[in-house]
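Working notes, beginning with the structure itself.
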Amino acid sequence: MTVKEKQKIINDTIAAFINYIAVHLPDDVVSRLEELRAAENDPAALSIYDMMFENMRLAAELNRPSCQDTGFVQFRIECGSRFPMIHYLEDLLRNAVIKATHETPLRPNAVETFDEYNTGDNTGTGAPSISWSIIPDWDGCAISTYLAGGGCSLPGHAAVLMPGEGYEGVVKFVLDRIAEYGPNACPPLLVGVGIANSVDTAAQLSKKALFRPVGSHSPNAKAAEMEQLLEDGINAMGIGPQGMGGKASVMGVNIESAARHTATLGVGVSFGCWTHRRGKIVFDRDLNFTTDTHSGFTIGQ
Amino acid sequence: MKKIINGKTILTAPFTEEDIRTLHAGDVIYIDGEIVTGRDDVHIRVIKEGMTLPVDIRGMALMHAGPIVAGTDEGRFRVIAIGPTTSMRMEKLEYDFIKQTGVRLIIGKGGMGSRTAEACREFGAVHCVLPAGNAVVTASCVEEITGAEWLDLGMAEALWRMRVKGLGPLIVTIDSSGRNLFEEKKQEYKKRRDEQIEEISRRLGPLL
Ligand code: SF4
């Protein structure tokens, strides 16, 4: 295969995957929503869940984006240091976004800051956003894609607390944000919490947490316990689908953490709406791919 | 006109004051007939710039929405995707908008504030939430685009007239007595938040 052919494979695969994500929710989100609907007994909440499932069905049938806000495109790349196409990835991802914008079509949402114009193709300075981590001594590459809606990006927040405020301070920080802005962010939400040194690291980890599967647990036993306590506590607030009241408020709470300065307690929180459109594709060195987020995705459909 | 079919409450536009006054916060309804879309710019034109709406919407429904619309080969328009946008952005101008236009049913996302609730009570109107993120189902409730006004505002801000069938579920959040369900819910959530902060912190104590 020539480099050009390889570039085309990545470009076409990612563009098709973005299209697929815009139309089909990931498997983990669908099964959690099924569980939440099964547990619900409030009639208004049930009518909302029914509408959500009918929307998923129709979106798939008509191959149309499930929500009119197709979001701001964000990528997380976990790239093997020996992945042969590493040099080309950023350009290929940008081109895939342009292709998907025209073909799906996605709503053009990217506006240049200060110059205040819509670029028309969802790319721009720093758009799509791309964050990298390099995996030493691997020749494959995992690319995660997220279509971040405006409504659920809005309540995101980060701050540095006094260490004396402790984990209770983190709990209060997260629940305050949810009570004030959660009902408007299209719940049931996926909540990502980052705990780290400063606003930047905490905020980044909170977004990273949204890429973890719904129902996954932190490998740290204490963090996992806190995830469960937060999930149960927020559900007990009874925000329900669309903020109109109901048994569940969230699909889950994922916490990511890092070491911090002894004098700081950075905390960030990011939210994903019920239309949590994210997925992950893993390429091997020959560009064969697999995905465990969307079992229905094949190329050429 | 208000009727109940298979347990579903269906209102047909235009709505009488009596139809609207029988609705209560928390009711789930569906609507048939002609509605219009209008968001930030439509409100600004009417209230701040004193322009007259190109359509008489007395007794009708207004949806806070910016649809994705495509042209058809026959030179008509077709809705591809449509969903409600955050109603609270219109709060500042909605009292005067309801008063001036005589609109009776407002559809959007999230709640609205006390001024809108006041207008609903005084003039006999309601605000309803349409579940967001359901752009395809909602588009399938639109039978036809019957008019496109103020297109110079752009696709999202223009005033679209459309005929809908079974648009819903719409959950009445502000009724014509001025009861504001979303506000009540928010107070409940805040109260439970305080209880939960205490409860979680108590259980975290021995853990960390
Ligand atoms: S928050 Fe999500 S579901 Fe709601 S309107 Fe935005 S993208 Fe759509």
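Every chain in the structure tokens has a letter given in the order shown (A, B, ...), and although residue numbers restart at 1 in each chain, ligands are simply numbered from 1 in the order shown.
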
Query - Neighbours of chain B in chain A at 7 Å, counting only C-alpha atoms, as JSON, numbers by chain - result: {"A": [44, 47, 48, 52, 54, 55, 58, 59, 66, 67, 68, 168, 171, 172, 175, 179, 184, 186, 222, 229, 233, 237, 239, 242, 275]}

Query raised in the report: Do you know which residues are at most 12 Å from range 160-164 of chain A counting only C-alpha atoms, after dropping those on the same chain fewer than 2 positions away, and could you put them as a PyMOL selection string?
Result: chain A and resi 157-158+166-173+194-203+260-269

Query raised in the report: Nearest to ligand 1: which of B:Val164, B:Glu184, B:Ala125, B:Ala65 is it, counting only C-alpha atoms and all ligand atoms?
Result: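 Answer, going by the shortest atom-to-atom distance: B:Ala65.
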
Report task. Pull the helix (DSSP H, G or I) assignments for range 53-285 of chain A out of DSSP run on the backbone, and list those residues as a VMD selection string. Result -> chain A and resid 53 to 62 86 to 103 150 to 153 163 to 184 199 to 210 221 to 236 241 to 243

Query raised in the report: Where does DSSP see strand (DSSP E or B) in range 5-202 of chain B, if you list the residues as JSON, numbers by chain?
Result: {"B": [5, 8, 9, 10, 11, 12, 28, 29, 30, 31, 32, 33, 34, 35, 36, 37, 61, 62, 63, 65, 68, 69, 70, 71, 77, 78, 79, 80, 81, 84, 86, 105, 106, 107, 108, 109, 126, 127, 128, 129, 142, 143, 144, 145, 146, 147, 148, 149, 159, 160, 161, 162, 163, 164, 165, 166, 167, 168, 169, 170, 171, 172, 173, 174, 180]}

**Report entry** Minimum-distance residue to ligand 1, chosen among A:Cys273, A:Val193, A:Cys141, A:Ala127 (using only C-alpha atoms and all ligand atoms)
**Finding:** A:Cys273

What's around Ser153 in chain A at 10 Å? Count only C-alpha atoms, leave out sequence neighbours fewer than 2 positions away in its own chain, and write the answer as a PDB file with C-alpha atoms, in the first residue's frame.
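That gives us result-v6.pdb:
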ATOM      1  CA  GLY A  71     -21.583  19.136  18.574  1.00  0.00           C
ATOM      2  CA  PHE A  72     -17.986  20.275  18.587  1.00  0.00           C
ATOM      3  CA  ALA A 148     -19.626  17.568  22.400  1.00  0.00           C
ATOM      4  CA  GLY A 149     -23.063  19.214  22.463  1.00  0.00           C
ATOM      5  CA  GLY A 150     -23.370  22.870  23.411  1.00  0.00           C
ATOM      6  CA  GLY A 151     -26.041  22.262  26.030  1.00  0.00           C
ATOM      7  CA  PRO A 155     -22.158  23.501  32.754  1.00  0.00           C
ATOM      8  CA  GLY A 156     -18.500  22.363  32.703  1.00  0.00           C
ATOM      9  CA  HIS A 157     -16.491  23.943  35.503  1.00  0.00           C
ATOM     10  CA  ALA A 185     -28.102  19.873  30.043  1.00  0.00           C
ATOM     11  CA  SER A 270     -17.583  17.818  32.626  1.00  0.00           C
ATOM     12  CA  PHE A 271     -20.993  16.583  31.529  1.00  0.00           C
ATOM     13  CA  GLY A 272     -22.207  14.415  28.702  1.00  0.00           C
ATOM     14  CA  CYS A 273     -25.908  14.594  27.754  1.00  0.00           C
TER      15      CYS A 273
END

Report summary line: Using only C-alpha atoms and all ligand atoms, the residue out of A:Ala45, A:Ile281, A:Leu147, A:Leu33 with shortest distance to ligand 1 is A:Leu147

**Report entry** A:Leu62, A:Ala110, A:Val253, A:Met1 ranked by distance to Ala223 in chain A, top pick (using only C-alpha atoms)
**Finding:**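 Closest to Ala223 in chain A, using only C-alpha atoms: A:Val253.
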
Query raised in the report: Do you know which residues are at most 9 Å from Ser249 in chain A counting only C-alpha atoms, after dropping those on the same chain fewer than 3 positions away, and could you put them as a list in words?
Result: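 Close residues of Ser249 in chain A: Gly182, Pro183, Pro187, Pro188, Leu189, Glu231, Ile234, Asn235, Ala236, Met237, Gly238, Ile239, Gly240, Pro241, Gly243, Gly245, Gly246 and Gly252 of chain A.
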
Report task. Check the smallest atom-to-atom distance from each of B:Gly166, B:Gly108, B:Pro206, B:Gly147 to ligand 1 using only C-alpha atoms and all ligand atoms, then report the winner. Result ->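 That would be B:Gly108, the residue with the smallest distance to ligand 1.
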
**Report entry** Contacts of Phe15 in chain B within 10 Å, only C-alpha atoms, excl. fewer than 6 positions in-chain, as an MDAnalysis selection string
**Finding:** chainID B and resid 1:2 31 33 58:61 103:105 125

Query raised in the report: Can you tell me, as a PyMOL selection string, what residues are no more than 10 Å from Thr125 in chain A when counting only C-alpha atoms, ignoring any on the same chain fewer than 2 positions away?
Result: chain A and resi 110-113+119+123+127-129

Query raised in the report: What is the CA of Gly178 in chain B-CA of Asp19 in chain B distance in Å, reported with one decimal?
Result: 15.6 Å

Query - Residue neighbourhood Leu159 in chain B, 7 Å, only C-alpha atoms, exclusion window fewer than 2 positions, as a count of residues only - result: 8

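As for CA of His24 in chain B and CA of His127 in chain B, they are spaced 10.6 Å apart.
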
Query raised in the report: Rounded to one decimal in Å, what is the spacing between CA of Ala39 in chain A and atom 4 (Fe, counted along the ligand's line) of ligand 1?
Result: 22.0 Å
